[in-house]
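Asks: Dropping in work-v5.csv, which is CSV, C-alpha atoms (C1' of nucleotides):
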```
chain,number,residue,atom,x,y,z
M,1,MET,CA,-24.2,-14.7,-12.8
M,2,GLU,CA,-24.1,-14.1,-9.1
M,3,GLY,CA,-21.8,-17.0,-8.3
M,4,HIS,CA,-22.7,-20.4,-7.0
M,5,ASN,CA,-23.3,-19.6,-3.4
M,6,LYS,CA,-26.9,-19.5,-2.5
M,7,THR,CA,-28.3,-16.6,-0.5
M,8,ALA,CA,-29.0,-18.7,2.5
M,9,GLU,CA,-25.5,-20.1,2.6
M,10,ILE,CA,-24.0,-16.7,2.5
M,11,SER,CA,-26.2,-15.5,5.3
M,12,GLN,CA,-25.4,-18.6,7.2
M,13,GLN,CA,-21.7,-18.0,7.0
M,14,MET,CA,-22.1,-14.5,8.2
M,15,LYS,CA,-24.3,-15.5,11.1
M,16,GLU,CA,-21.9,-18.1,12.2
M,17,LYS,CA,-19.3,-15.4,12.7
M,18,GLY,CA,-21.8,-13.4,14.7
M,19,LEU,CA,-22.3,-10.7,12.1
M,20,ARG,CA,-25.6,-8.8,11.9
M,21,ILE,CA,-26.8,-9.2,8.3
M,22,THR,CA,-27.6,-6.0,6.5
M,23,PRO,CA,-28.3,-5.6,2.8
M,24,GLN,CA,-25.0,-3.7,2.4
M,25,ARG,CA,-22.9,-6.3,4.1
M,26,PHE,CA,-24.6,-9.1,2.3
M,27,ALA,CA,-24.1,-7.4,-1.0
M,28,VAL,CA,-20.4,-6.8,-0.3
M,29,TYR,CA,-19.7,-10.3,0.7
M,30,ALA,CA,-21.8,-11.9,-2.0
M,31,ASN,CA,-20.1,-9.8,-4.6
M,32,LEU,CA,-16.7,-10.7,-3.3
M,33,LEU,CA,-17.6,-14.4,-3.3
M,34,SER,CA,-18.8,-14.2,-6.9
M,35,ARG,CA,-15.6,-12.8,-8.4
M,36,CYS,CA,-11.9,-13.7,-8.5
M,37,ASP,CA,-10.3,-10.5,-9.6
M,38,HIS,CA,-9.2,-9.1,-6.2
M,39,PRO,CA,-11.3,-6.0,-6.5
M,40,THR,CA,-10.7,-2.7,-4.7
M,41,VAL,CA,-13.3,-0.9,-2.6
M,42,ASP,CA,-14.4,1.1,-5.6
M,43,ASP,CA,-14.7,-2.0,-7.8
M,44,ILE,CA,-17.0,-3.5,-5.3
M,45,LEU,CA,-19.0,-0.3,-4.8
M,46,THR,CA,-19.6,0.1,-8.5
M,47,GLU,CA,-20.6,-3.5,-8.9
M,48,ILE,CA,-23.1,-3.7,-6.0
M,49,ASN,CA,-24.7,-0.3,-7.0
M,50,ARG,CA,-24.9,-1.1,-10.7
M,51,GLU,CA,-28.6,-1.9,-10.9
M,52,LEU,CA,-29.8,-0.3,-7.7
M,53,PRO,CA,-27.9,2.1,-5.4
M,54,ILE,CA,-27.7,0.2,-2.2
M,55,ALA,CA,-24.6,1.1,-0.3
M,56,SER,CA,-22.3,4.1,0.3
M,57,LYS,CA,-18.6,3.9,0.1
M,58,ALA,CA,-18.3,4.3,3.9
M,59,SER,CA,-20.5,1.2,4.3
M,60,VAL,CA,-18.4,-0.8,2.0
M,61,TYR,CA,-15.3,0.1,3.9
M,62,SER,CA,-17.2,-0.8,7.1
M,63,ALA,CA,-18.5,-4.1,5.8
M,64,LEU,CA,-15.1,-5.2,4.5
M,65,SER,CA,-13.6,-4.3,7.8
M,66,VAL,CA,-15.8,-6.5,9.9
M,67,LEU,CA,-15.7,-9.3,7.3
M,68,ARG,CA,-12.0,-9.2,7.6
M,69,GLU,CA,-12.1,-9.2,11.3
M,70,VAL,CA,-14.1,-12.4,11.4
M,71,GLY,CA,-11.9,-14.0,8.8
M,72,LEU,CA,-14.4,-14.2,5.9
M,73,VAL,CA,-12.3,-12.0,3.6
M,74,ARG,CA,-8.7,-11.0,3.5
M,75,GLU,CA,-6.8,-8.1,2.2
M,76,VAL,CA,-4.5,-8.5,-0.7
M,77,LEU,CA,-1.7,-5.9,-0.5
M,78,LEU,CA,0.4,-5.6,-3.5
M,79,ASP,CA,1.6,-2.3,-5.1
M,80,GLU,CA,-0.3,0.8,-6.1
M,81,GLY,CA,-1.4,2.0,-2.7
M,82,VAL,CA,-4.8,0.4,-3.1
M,83,THR,CA,-6.2,-2.3,-0.9
M,84,ARG,CA,-7.7,-5.2,-2.7
M,85,TYR,CA,-10.0,-7.8,-1.2
M,86,ASP,CA,-10.4,-11.5,-1.6
M,87,ALA,CA,-13.1,-13.9,-0.3
M,88,LYS,CA,-10.7,-16.8,-0.7
M,89,VAL,CA,-9.1,-17.0,2.7
M,90,GLU,CA,-7.2,-20.3,2.4
M,91,PRO,CA,-3.5,-19.9,2.0
M,92,HIS,CA,-2.4,-19.3,-1.5
M,93,HIS,CA,0.0,-17.2,-3.5
M,94,HIS,CA,-0.4,-14.5,-6.1
M,95,PHE,CA,0.8,-13.8,-9.5
M,96,VAL,CA,0.9,-10.2,-10.6
M,97,CYS,CA,1.3,-9.3,-14.3
M,98,GLU,CA,3.6,-6.3,-14.5
M,99,GLY,CA,2.1,-5.4,-17.8
M,100,CYS,CA,-1.6,-5.1,-17.1
M,101,GLY,CA,-1.7,-5.4,-13.4
M,102,GLN,CA,-4.0,-8.4,-13.3
M,103,ILE,CA,-3.7,-10.6,-10.3
M,104,LYS,CA,-4.1,-14.4,-10.4
M,105,ASP,CA,-4.3,-16.8,-7.6
M,106,LEU,CA,-1.6,-19.5,-7.5
M,107,ALA,CA,-2.3,-22.8,-5.8
M,108,TRP,CA,-0.4,-23.2,-2.5
M,109,ASP,CA,1.6,-26.1,-4.0
M,110,VAL,CA,2.8,-24.1,-7.0
M,111,PHE,CA,6.1,-24.0,-5.1
M,112,LYS,CA,7.2,-27.5,-4.3
M,113,ASN,CA,9.7,-28.6,-1.7
M,114,LEU,CA,9.4,-25.4,0.1
M,115,GLN,CA,11.5,-25.7,3.2
M,116,LEU,CA,12.4,-23.0,5.5
M,117,ASN,CA,16.0,-22.9,6.6
M,118,PRO,CA,16.5,-21.8,10.2
M,119,LEU,CA,15.7,-18.2,10.5
M,120,PRO,CA,18.0,-15.9,12.4
M,121,SER,CA,17.1,-16.8,15.9
M,122,GLY,CA,14.4,-14.9,17.6
M,123,PHE,CA,11.8,-15.2,15.0
M,124,GLN,CA,8.7,-17.3,15.0
M,125,VAL,CA,6.9,-17.9,11.7
M,126,ASN,CA,3.1,-17.6,11.5
M,127,ALA,CA,2.6,-17.4,7.8
M,128,TYR,CA,4.2,-16.7,4.5
M,129,GLU,CA,3.1,-15.7,1.1
M,130,ILE,CA,4.8,-15.6,-2.2
M,131,THR,CA,4.2,-12.9,-4.7
M,132,VAL,CA,5.3,-13.8,-8.2
M,133,LYS,CA,5.8,-11.0,-10.7
M,134,GLY,CA,5.9,-11.6,-14.3
M,135,CYS,CA,4.0,-11.2,-17.6
M,136,CYS,CA,0.8,-12.8,-18.8
M,137,ASP,CA,0.3,-14.1,-22.3
M,138,ARG,CA,-1.4,-11.0,-23.7
M,139,CYS,CA,1.2,-8.6,-22.3
M,140,ASN,CA,4.1,-10.7,-23.6
M,141,LEU,CA,2.5,-10.6,-27.0
M,142,GLU,CA,2.2,-6.8,-26.9
M,143,ARG,CA,5.8,-6.4,-25.8
M,144,VAL,CA,7.0,-8.5,-28.8
M,145,GLU,CA,4.9,-6.4,-31.1
M,146,ASP,CA,6.3,-3.2,-29.7
M,147,GLN,CA,9.8,-4.3,-30.5
M,148,ASN,CA,9.0,-5.4,-34.0
M,149,PRO,CA,6.7,-2.7,-35.3
B,1,MET,CA,27.7,6.6,12.2
B,2,GLU,CA,27.0,7.5,8.5
B,3,GLY,CA,27.5,3.9,7.3
B,4,HIS,CA,30.6,2.5,5.6
B,5,ASN,CA,30.2,4.0,2.1
B,6,LYS,CA,32.5,6.8,1.5
B,7,THR,CA,31.2,10.1,0.0
B,8,ALA,CA,33.1,9.6,-3.2
B,9,GLU,CA,31.8,6.1,-3.7
B,10,ILE,CA,28.2,7.2,-3.3
B,11,SER,CA,28.6,10.0,-5.7
B,12,GLN,CA,30.3,7.6,-8.1
B,13,GLN,CA,27.4,5.2,-8.0
B,14,MET,CA,25.0,8.0,-8.7
B,15,LYS,CA,27.1,9.4,-11.6
B,16,GLU,CA,27.4,6.0,-13.2
B,17,LYS,CA,23.6,6.0,-13.4
B,18,GLY,CA,23.6,9.4,-15.0
B,19,LEU,CA,22.1,11.2,-12.1
B,20,ARG,CA,22.9,14.8,-11.4
B,21,ILE,CA,24.2,15.0,-7.8
B,22,THR,CA,22.5,17.5,-5.6
B,23,PRO,CA,22.9,17.8,-1.8
B,24,GLN,CA,19.3,16.5,-1.4
B,25,ARG,CA,19.7,13.4,-3.5
B,26,PHE,CA,23.0,12.7,-2.0
B,27,ALA,CA,21.6,12.9,1.5
B,28,VAL,CA,18.7,10.7,0.6
B,29,TYR,CA,20.8,8.0,-0.9
B,30,ALA,CA,23.5,8.1,1.7
B,31,ASN,CA,21.0,7.9,4.4
B,32,LEU,CA,19.3,5.0,2.9
B,33,LEU,CA,22.6,3.2,2.4
B,34,SER,CA,23.4,3.7,6.1
B,35,ARG,CA,20.3,2.1,7.5
B,36,CYS,CA,18.6,-1.3,7.3
B,37,ASP,CA,15.2,-0.5,8.7
B,38,HIS,CA,13.3,0.1,5.5
B,39,PRO,CA,12.4,3.6,6.2
B,40,THR,CA,9.4,5.6,4.9
B,41,VAL,CA,9.7,9.0,3.2
B,42,ASP,CA,9.0,10.7,6.5
B,43,ASP,CA,11.7,8.6,8.3
B,44,ILE,CA,14.2,9.7,5.7
B,45,LEU,CA,13.1,13.3,5.8
B,46,THR,CA,13.4,13.5,9.6
B,47,GLU,CA,16.8,11.9,9.6
B,48,ILE,CA,18.5,14.0,6.9
B,49,ASN,CA,17.1,17.2,8.3
B,50,ARG,CA,18.0,16.3,11.9
B,51,GLU,CA,21.1,18.6,12.2
B,52,LEU,CA,20.5,21.0,9.4
B,53,PRO,CA,17.3,21.4,7.3
B,54,ILE,CA,18.4,20.4,3.8
B,55,ALA,CA,15.5,19.0,1.9
B,56,SER,CA,11.8,19.3,1.6
B,57,LYS,CA,9.4,16.4,1.5
B,58,ALA,CA,8.8,16.9,-2.2
B,59,SER,CA,12.5,16.6,-2.9
B,60,VAL,CA,12.7,13.4,-1.0
B,61,TYR,CA,9.9,12.0,-3.0
B,62,SER,CA,11.6,13.2,-6.2
B,63,ALA,CA,15.0,11.8,-5.2
B,64,LEU,CA,13.6,8.4,-4.3
B,65,SER,CA,11.7,8.4,-7.5
B,66,VAL,CA,14.8,8.8,-9.7
B,67,LEU,CA,16.9,6.6,-7.5
B,68,ARG,CA,14.3,3.9,-8.0
B,69,GLU,CA,14.2,4.5,-11.8
B,70,VAL,CA,17.9,3.9,-12.1
B,71,GLY,CA,17.9,0.9,-9.9
B,72,LEU,CA,19.8,2.2,-6.9
B,73,VAL,CA,16.9,1.8,-4.5
B,74,ARG,CA,13.8,-0.2,-4.5
B,75,GLU,CA,10.4,0.0,-2.9
B,76,VAL,CA,9.3,-2.4,-0.2
B,77,LEU,CA,5.6,-2.7,-0.3
B,78,LEU,CA,4.0,-4.6,2.6
B,79,ASP,CA,1.0,-3.5,4.5
B,80,GLU,CA,0.0,-0.3,6.1
B,81,GLY,CA,-0.4,1.9,3.1
B,82,VAL,CA,3.0,3.4,3.4
B,83,THR,CA,5.8,2.9,0.9
B,84,ARG,CA,9.1,1.9,2.4
B,85,TYR,CA,12.5,2.1,0.7
B,86,ASP,CA,15.6,0.0,0.6
B,87,ALA,CA,19.0,0.6,-0.8
B,88,LYS,CA,19.6,-3.2,-0.9
B,89,VAL,CA,18.5,-4.0,-4.4
B,90,GLU,CA,19.8,-7.6,-4.7
B,91,PRO,CA,16.9,-10.2,-4.5
B,92,HIS,CA,16.0,-11.0,-0.9
B,93,HIS,CA,13.0,-11.8,1.1
B,94,HIS,CA,11.4,-10.0,4.1
B,95,PHE,CA,10.3,-11.0,7.5
B,96,VAL,CA,7.6,-8.8,9.0
B,97,CYS,CA,6.9,-8.9,12.8
B,98,GLU,CA,3.1,-8.8,13.2
B,99,GLY,CA,3.6,-7.4,16.7
B,100,CYS,CA,5.9,-4.4,16.3
B,101,GLY,CA,5.9,-4.1,12.6
B,102,GLN,CA,9.7,-4.3,12.2
B,103,ILE,CA,11.0,-5.6,8.9
B,104,LYS,CA,14.0,-7.8,8.6
B,105,ASP,CA,15.8,-8.8,5.5
B,106,LEU,CA,16.0,-12.5,4.9
B,107,ALA,CA,18.8,-14.0,2.8
B,108,TRP,CA,17.7,-15.2,-0.6
B,109,ASP,CA,18.6,-18.8,0.4
B,110,VAL,CA,16.5,-18.8,3.6
B,111,PHE,CA,14.2,-21.0,1.5
B,112,LYS,CA,15.9,-24.0,0.3
B,113,ASN,CA,14.9,-26.3,-2.6
B,114,LEU,CA,12.6,-23.7,-3.9
B,115,GLN,CA,11.3,-25.0,-7.2
B,116,LEU,CA,8.6,-23.5,-9.2
B,117,ASN,CA,6.0,-26.0,-10.5
B,118,PRO,CA,4.8,-25.2,-13.9
B,119,LEU,CA,2.5,-22.2,-13.7
B,120,PRO,CA,-0.8,-22.2,-15.4
B,121,SER,CA,0.2,-21.7,-19.0
B,122,GLY,CA,0.4,-18.1,-20.3
B,123,PHE,CA,2.6,-16.8,-17.5
B,124,GLN,CA,6.2,-15.8,-17.6
B,125,VAL,CA,8.0,-15.3,-14.3
B,126,ASN,CA,10.3,-12.3,-13.9
B,127,ALA,CA,10.8,-12.3,-10.2
B,128,TYR,CA,9.3,-13.5,-6.9
B,129,GLU,CA,9.6,-12.5,-3.4
B,130,ILE,CA,8.5,-14.1,-0.2
B,131,THR,CA,7.0,-12.2,2.7
B,132,VAL,CA,7.2,-14.1,5.9
B,133,LYS,CA,5.0,-13.0,8.7
B,134,GLY,CA,5.5,-13.9,12.3
B,135,CYS,CA,6.7,-12.6,15.6
B,136,CYS,CA,10.0,-11.5,16.8
B,137,ASP,CA,11.5,-12.4,20.2
B,138,ARG,CA,10.5,-9.3,22.0
B,139,CYS,CA,6.9,-9.5,20.8
B,140,ASN,CA,6.6,-13.2,21.6
B,141,LEU,CA,7.8,-12.4,25.1
B,142,GLU,CA,5.2,-9.6,25.5
B,143,ARG,CA,2.5,-11.9,24.3
B,144,VAL,CA,3.3,-14.5,26.9
B,145,GLU,CA,3.4,-11.9,29.7
B,146,ASP,CA,0.0,-10.7,28.6
B,147,GLN,CA,-1.5,-14.1,29.0
B,148,ASN,CA,0.1,-14.7,32.4
B,149,PRO,CA,-0.2,-11.3,34.1
S,1,DT,C1',24.6,29.1,-19.7
S,2,DT,C1',20.8,26.2,-19.3
S,3,DA,C1',18.4,22.1,-18.6
S,4,DA,C1',17.2,20.1,-14.6
S,5,DA,C1',16.2,20.1,-9.5
S,6,DT,C1',14.2,22.3,-5.5
S,7,DG,C1',10.5,24.2,-2.4
S,8,DC,C1',6.2,25.5,-1.5
S,9,DA,C1',1.4,25.0,-1.7
S,10,DA,C1',-2.4,23.2,-3.7
S,11,DA,C1',-4.5,19.1,-5.7
S,12,DC,C1',-5.5,14.3,-5.5
S,13,DT,C1',-6.5,9.6,-3.7
S,14,DA,C1',-7.4,6.2,-0.4
S,15,DT,C1',-9.1,5.7,4.0
S,16,DT,C1',-11.0,7.0,8.6
S,17,DT,C1',-14.0,9.4,11.7
S,18,DG,C1',-18.0,11.9,14.0
S,19,DC,C1',-22.6,12.2,14.3
S,20,DA,C1',-27.7,12.2,13.2
S,21,DC,C1',-30.7,8.9,11.5
S,22,DG,C1',-32.4,4.3,10.4
S,23,DT,C1',-33.0,-0.7,11.1
S,24,DA,C1',-32.0,-5.9,12.1
S,25,DA,C1',-32.8,-8.8,15.7
T,1,DT,C1',-36.8,-1.6,21.8
T,2,DT,C1',-32.2,-0.8,21.2
T,3,DA,C1',-27.6,-1.7,20.2
T,4,DC,C1',-25.6,-1.5,16.1
T,5,DG,C1',-25.1,-0.1,11.1
T,6,DT,C1',-25.6,3.4,7.5
T,7,DG,C1',-24.8,7.7,5.0
T,8,DC,C1',-23.0,12.0,4.6
T,9,DA,C1',-19.4,15.2,5.0
T,10,DA,C1',-15.4,16.6,7.1
T,11,DA,C1',-10.8,15.1,8.5
T,12,DT,C1',-6.5,12.6,7.8
T,13,DA,C1',-2.5,10.6,5.5
T,14,DG,C1',0.3,9.5,1.7
T,15,DT,C1',1.7,11.1,-2.6
T,16,DT,C1',1.7,13.9,-6.9
T,17,DT,C1',1.7,18.2,-9.4
T,18,DG,C1',2.3,23.1,-11.0
T,19,DC,C1',5.1,26.8,-11.1
T,20,DA,C1',8.5,30.3,-9.8
T,21,DT,C1',13.2,30.1,-8.2
T,22,DT,C1',17.7,28.1,-7.7
T,23,DT,C1',21.7,25.4,-9.1
T,24,DA,C1',24.9,21.5,-10.9
T,25,DA,C1',27.6,20.8,-14.6
```
I'd like the structure from this file rewritten - as structure tokens, please.
Replies:
Amino acid sequence: MEGHNKTAEISQQMKEKGLRITPQRFAVYANLLSRCDHPTVDDILTEINRELPIASKASVYSALSVLREVGLVREVLLDEGVTRYDAKVEPHHHFVCEGCGQIKDLAWDVFKNLQLNPLPSGFQVNAYEITVKGCCDRCNLERVEDQNP
Amino acid sequence: MEGHNKTAEISQQMKEKGLRITPQRFAVYANLLSRCDHPTVDDILTEINRELPIASKASVYSALSVLREVGLVREVLLDEGVTRYDAKVEPHHHFVCEGCGQIKDLAWDVFKNLQLNPLPSGFQVNAYEITVKGCCDRCNLERVEDQNP
DNA sequence: TTAAATGCAAACTATTTGCACGTAA
DNA sequence: TTACGTGCAAATAGTTTGCATTTAA
């Protein structure tokens, strides 16, 4: 239930980045690795404190901050004024359901033949990311039901 | 200096959407039409109150809210935990300079041959938007100077 | 005339910060 | 042992809300 990364592997990844390993940081990173729902700070906090209170909110912020600095996690910034986090750092895109707000990862190659026309001169591209907005199955269903009550 | 939309045209657009025209709303929308820098609420507030205090922050929030509801403006959500606004509502992409934070509009066709591979089933696409991150001329220059002092 | 908008201040939410205490290395 | 991390609480920033007053139509 804790994901497929072994404790030692997780510690190893953090050590390689020069991070001191504390129970709080470990819990944050392990939790993030085990889920794919792009949780917020509160989501993570709730989850790691579920059985045994282990970390404060400030520590979760702090842990996420250093994990992001060393490249083990990244922020997912969409709408809503909340920062979400993701332990999947390879380039990929996101699908956001406008009904329920769920966020799904999209494989990098979900867009094919993506070619950048010359940008207005003076710009150098480092990265790009596509946010696809739409509706998931369940929300489509509910919408149809609303219109035919 | 106030952009190329005439007063009457701006009022007309707002009326067509069923909006009551108040000095505050008018100022907010006119200001947004006249600029292309994706301003924040504070940016707009400062600008419309520059010569003569005309609107409170709450009114700017309120004006932007209704303007967005009727589709005359849209939110631009990038990083930084601030909401930016844009009176250009046609689909387009954004370039964000990671150095100075400036945001440039990119024409819709700046990506050519963009084809969506089938999504994982159960998703219906309403819209998508590409955020390109990189460096503008000036910031590239500064970076080079930093490395060769 | 009157439903709707404004302005102020207080409330709320997400995040950051300062500092005394605790702990991983 | 000690530099670094944690926890708490206070501070900050962006945004929303309640309510009395004003105003566009």
Asks: Expressed in Å to a single decimal, how great is the separation between atom CA of Pro53 of chain B and atom CA of Pro39 of chain B?
Replies: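 Computed distance, atom CA of Pro53 of chain B to atom CA of Pro39 of chain B, equals 18.5 Å.
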Asks: Produce the least-squares-superposed copy of chain M, fitted on chain B over all in-order C-alpha pairs, as a CSV table (one decimal) with C-alpha atoms, in the frame of the given file.
Replies:
```csv
chain,number,residue,atom,x,y,z
M,1,MET,CA,27.8,6.7,12.2
M,2,GLU,CA,27.1,7.5,8.6
M,3,GLY,CA,27.6,4.0,7.3
M,4,HIS,CA,30.7,2.6,5.6
M,5,ASN,CA,30.3,4.0,2.2
M,6,LYS,CA,32.5,6.9,1.5
M,7,THR,CA,31.2,10.1,0.0
M,8,ALA,CA,33.1,9.6,-3.2
M,9,GLU,CA,31.8,6.1,-3.7
M,10,ILE,CA,28.2,7.2,-3.3
M,11,SER,CA,28.6,10.0,-5.7
M,12,GLN,CA,30.3,7.7,-8.1
M,13,GLN,CA,27.4,5.3,-8.0
M,14,MET,CA,25.0,8.0,-8.7
M,15,LYS,CA,27.0,9.4,-11.6
M,16,GLU,CA,27.3,6.0,-13.2
M,17,LYS,CA,23.6,5.9,-13.5
M,18,GLY,CA,23.6,9.4,-15.0
M,19,LEU,CA,22.1,11.2,-12.1
M,20,ARG,CA,22.9,14.8,-11.4
M,21,ILE,CA,24.2,15.0,-7.9
M,22,THR,CA,22.4,17.4,-5.6
M,23,PRO,CA,22.8,17.7,-1.8
M,24,GLN,CA,19.2,16.5,-1.4
M,25,ARG,CA,19.7,13.4,-3.5
M,26,PHE,CA,23.0,12.6,-2.0
M,27,ALA,CA,21.6,12.9,1.4
M,28,VAL,CA,18.6,10.7,0.6
M,29,TYR,CA,20.7,8.0,-0.9
M,30,ALA,CA,23.5,8.1,1.7
M,31,ASN,CA,20.9,7.9,4.4
M,32,LEU,CA,19.3,5.0,2.8
M,33,LEU,CA,22.6,3.2,2.4
M,34,SER,CA,23.5,3.8,6.1
M,35,ARG,CA,20.4,2.1,7.5
M,36,CYS,CA,18.6,-1.3,7.3
M,37,ASP,CA,15.2,-0.5,8.7
M,38,HIS,CA,13.2,0.0,5.5
M,39,PRO,CA,12.4,3.6,6.3
M,40,THR,CA,9.4,5.6,4.9
M,41,VAL,CA,9.7,8.9,3.2
M,42,ASP,CA,9.1,10.7,6.5
M,43,ASP,CA,11.7,8.6,8.3
M,44,ILE,CA,14.2,9.6,5.8
M,45,LEU,CA,13.1,13.3,5.8
M,46,THR,CA,13.5,13.5,9.6
M,47,GLU,CA,16.8,11.8,9.5
M,48,ILE,CA,18.5,14.0,6.8
M,49,ASN,CA,17.1,17.2,8.3
M,50,ARG,CA,18.0,16.4,11.9
M,51,GLU,CA,21.1,18.6,12.2
M,52,LEU,CA,20.5,20.9,9.3
M,53,PRO,CA,17.3,21.4,7.3
M,54,ILE,CA,18.4,20.4,3.8
M,55,ALA,CA,15.6,19.0,1.9
M,56,SER,CA,11.8,19.3,1.5
M,57,LYS,CA,9.5,16.4,1.5
M,58,ALA,CA,8.7,16.9,-2.2
M,59,SER,CA,12.5,16.6,-2.9
M,60,VAL,CA,12.7,13.4,-1.0
M,61,TYR,CA,9.9,11.9,-3.0
M,62,SER,CA,11.6,13.2,-6.1
M,63,ALA,CA,15.0,11.8,-5.2
M,64,LEU,CA,13.6,8.4,-4.3
M,65,SER,CA,11.8,8.3,-7.5
M,66,VAL,CA,14.8,8.8,-9.7
M,67,LEU,CA,16.9,6.5,-7.5
M,68,ARG,CA,14.4,3.9,-8.0
M,69,GLU,CA,14.2,4.4,-11.7
M,70,VAL,CA,17.9,3.9,-12.1
M,71,GLY,CA,17.8,0.8,-9.9
M,72,LEU,CA,19.8,2.2,-6.9
M,73,VAL,CA,16.9,1.7,-4.4
M,74,ARG,CA,13.8,-0.3,-4.4
M,75,GLU,CA,10.4,0.0,-2.9
M,76,VAL,CA,9.4,-2.3,-0.2
M,77,LEU,CA,5.5,-2.7,-0.2
M,78,LEU,CA,4.1,-4.4,2.7
M,79,ASP,CA,0.9,-3.4,4.6
M,80,GLU,CA,0.0,-0.1,6.1
M,81,GLY,CA,-0.4,2.0,3.0
M,82,VAL,CA,3.1,3.4,3.4
M,83,THR,CA,5.9,3.0,0.9
M,84,ARG,CA,9.1,1.9,2.4
M,85,TYR,CA,12.5,2.2,0.7
M,86,ASP,CA,15.6,0.0,0.7
M,87,ALA,CA,19.1,0.6,-0.8
M,88,LYS,CA,19.7,-3.2,-0.9
M,89,VAL,CA,18.5,-4.0,-4.4
M,90,GLU,CA,19.8,-7.6,-4.6
M,91,PRO,CA,17.0,-10.2,-4.4
M,92,HIS,CA,16.0,-11.1,-0.9
M,93,HIS,CA,13.0,-11.7,1.2
M,94,HIS,CA,11.4,-10.0,4.1
M,95,PHE,CA,10.3,-10.9,7.5
M,96,VAL,CA,7.6,-8.8,9.1
M,97,CYS,CA,6.9,-9.0,12.8
M,98,GLU,CA,3.1,-8.7,13.3
M,99,GLY,CA,3.7,-7.5,16.7
M,100,CYS,CA,5.9,-4.4,16.3
M,101,GLY,CA,5.9,-4.1,12.6
M,102,GLN,CA,9.7,-4.3,12.3
M,103,ILE,CA,10.9,-5.6,9.0
M,104,LYS,CA,14.0,-7.8,8.6
M,105,ASP,CA,15.8,-8.8,5.5
M,106,LEU,CA,16.0,-12.6,4.9
M,107,ALA,CA,18.8,-14.0,2.9
M,108,TRP,CA,17.7,-15.2,-0.6
M,109,ASP,CA,18.6,-18.8,0.4
M,110,VAL,CA,16.5,-18.8,3.6
M,111,PHE,CA,14.1,-20.9,1.5
M,112,LYS,CA,15.9,-24.0,0.2
M,113,ASN,CA,14.9,-26.2,-2.7
M,114,LEU,CA,12.6,-23.6,-4.0
M,115,GLN,CA,11.3,-25.0,-7.3
M,116,LEU,CA,8.5,-23.6,-9.2
M,117,ASN,CA,6.0,-26.1,-10.5
M,118,PRO,CA,4.6,-25.2,-14.0
M,119,LEU,CA,2.5,-22.2,-13.8
M,120,PRO,CA,-0.9,-22.2,-15.5
M,121,SER,CA,0.2,-21.7,-19.0
M,122,GLY,CA,0.5,-18.2,-20.3
M,123,PHE,CA,2.6,-16.8,-17.6
M,124,GLN,CA,6.2,-15.8,-17.7
M,125,VAL,CA,8.0,-15.3,-14.4
M,126,ASN,CA,10.4,-12.3,-13.9
M,127,ALA,CA,10.8,-12.3,-10.2
M,128,TYR,CA,9.4,-13.5,-6.9
M,129,GLU,CA,9.6,-12.5,-3.4
M,130,ILE,CA,8.5,-14.1,-0.2
M,131,THR,CA,7.1,-12.2,2.7
M,132,VAL,CA,7.2,-14.1,6.0
M,133,LYS,CA,4.9,-13.0,8.8
M,134,GLY,CA,5.5,-13.9,12.2
M,135,CYS,CA,6.7,-12.7,15.7
M,136,CYS,CA,10.1,-11.5,16.8
M,137,ASP,CA,11.6,-12.4,20.2
M,138,ARG,CA,10.5,-9.3,22.1
M,139,CYS,CA,6.9,-9.5,20.8
M,140,ASN,CA,6.6,-13.2,21.7
M,141,LEU,CA,7.8,-12.4,25.1
M,142,GLU,CA,5.2,-9.7,25.6
M,143,ARG,CA,2.4,-11.9,24.3
M,144,VAL,CA,3.3,-14.6,26.9
M,145,GLU,CA,3.3,-12.0,29.6
M,146,ASP,CA,-0.1,-10.7,28.6
M,147,GLN,CA,-1.5,-14.1,29.0
M,148,ASN,CA,0.0,-14.7,32.4
M,149,PRO,CA,-0.4,-11.4,34.1
```
Asks: Pick out the residues sitting within 8 Å of segment 7-9 of chain T, and hand them over as a PyMOL selection string; count only C-alpha atoms (C1' of nucleotides), and ignore anything fewer than 2 positions along from it in its own chain.
Replies: chain M and resi 56+58-59
Asks: Could you dump the residues just selected with C-alpha atoms as a compact mmCIF listing (two decimals), keeping the file's coordinate frame?
Replies:
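And here is the file that came out, result.txt:
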```txt
# COMPACT_ATOMS: atom_id res chain seq x y z
CA SER M 56 -22.30 4.10 0.30
CA ALA M 58 -18.30 4.30 3.90
CA SER M 59 -20.50 1.20 4.30
```
Asks: Can you check which residues of chain B have any atom within 7 Å of chain M? Use all atoms listed in the file and format it as a PyMOL selection string.
Replies: chain B and resi 77-79+81+110-117+119+122-137
Asks: Using only C-alpha atoms (C1' of nucleotides), find the residues of chain T whose closest atom to chain B is at most 10 Å away, then write them as an mmCIF file with C-alpha atoms (C1' of nucleotides), in the frame of the given file.
Replies:
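Saved to selection.cif:
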```cif
data_model
loop_
_atom_site.group_PDB
_atom_site.id
_atom_site.type_symbol
_atom_site.label_atom_id
_atom_site.label_comp_id
_atom_site.auth_asym_id
_atom_site.auth_seq_id
_atom_site.Cartn_x
_atom_site.Cartn_y
_atom_site.Cartn_z
ATOM 1 C "C1'" DA T 13 -2.500 10.600 5.500
ATOM 2 C "C1'" DG T 14 0.300 9.500 1.700
ATOM 3 C "C1'" DT T 15 1.700 11.100 -2.600
ATOM 4 C "C1'" DT T 16 1.700 13.900 -6.900
ATOM 5 C "C1'" DT T 23 21.700 25.400 -9.100
ATOM 6 C "C1'" DA T 24 24.900 21.500 -10.900
ATOM 7 C "C1'" DA T 25 27.600 20.800 -14.600
#
```
Asks: Counting only C-alpha atoms (C1' of nucleotides), which residue out of T:DT1, T:DT17, T:DT12, T:DT6 sits closest to DT16 of chain S?
Replies: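 Answer, going by the shortest atom-to-atom distance: T:DT12.
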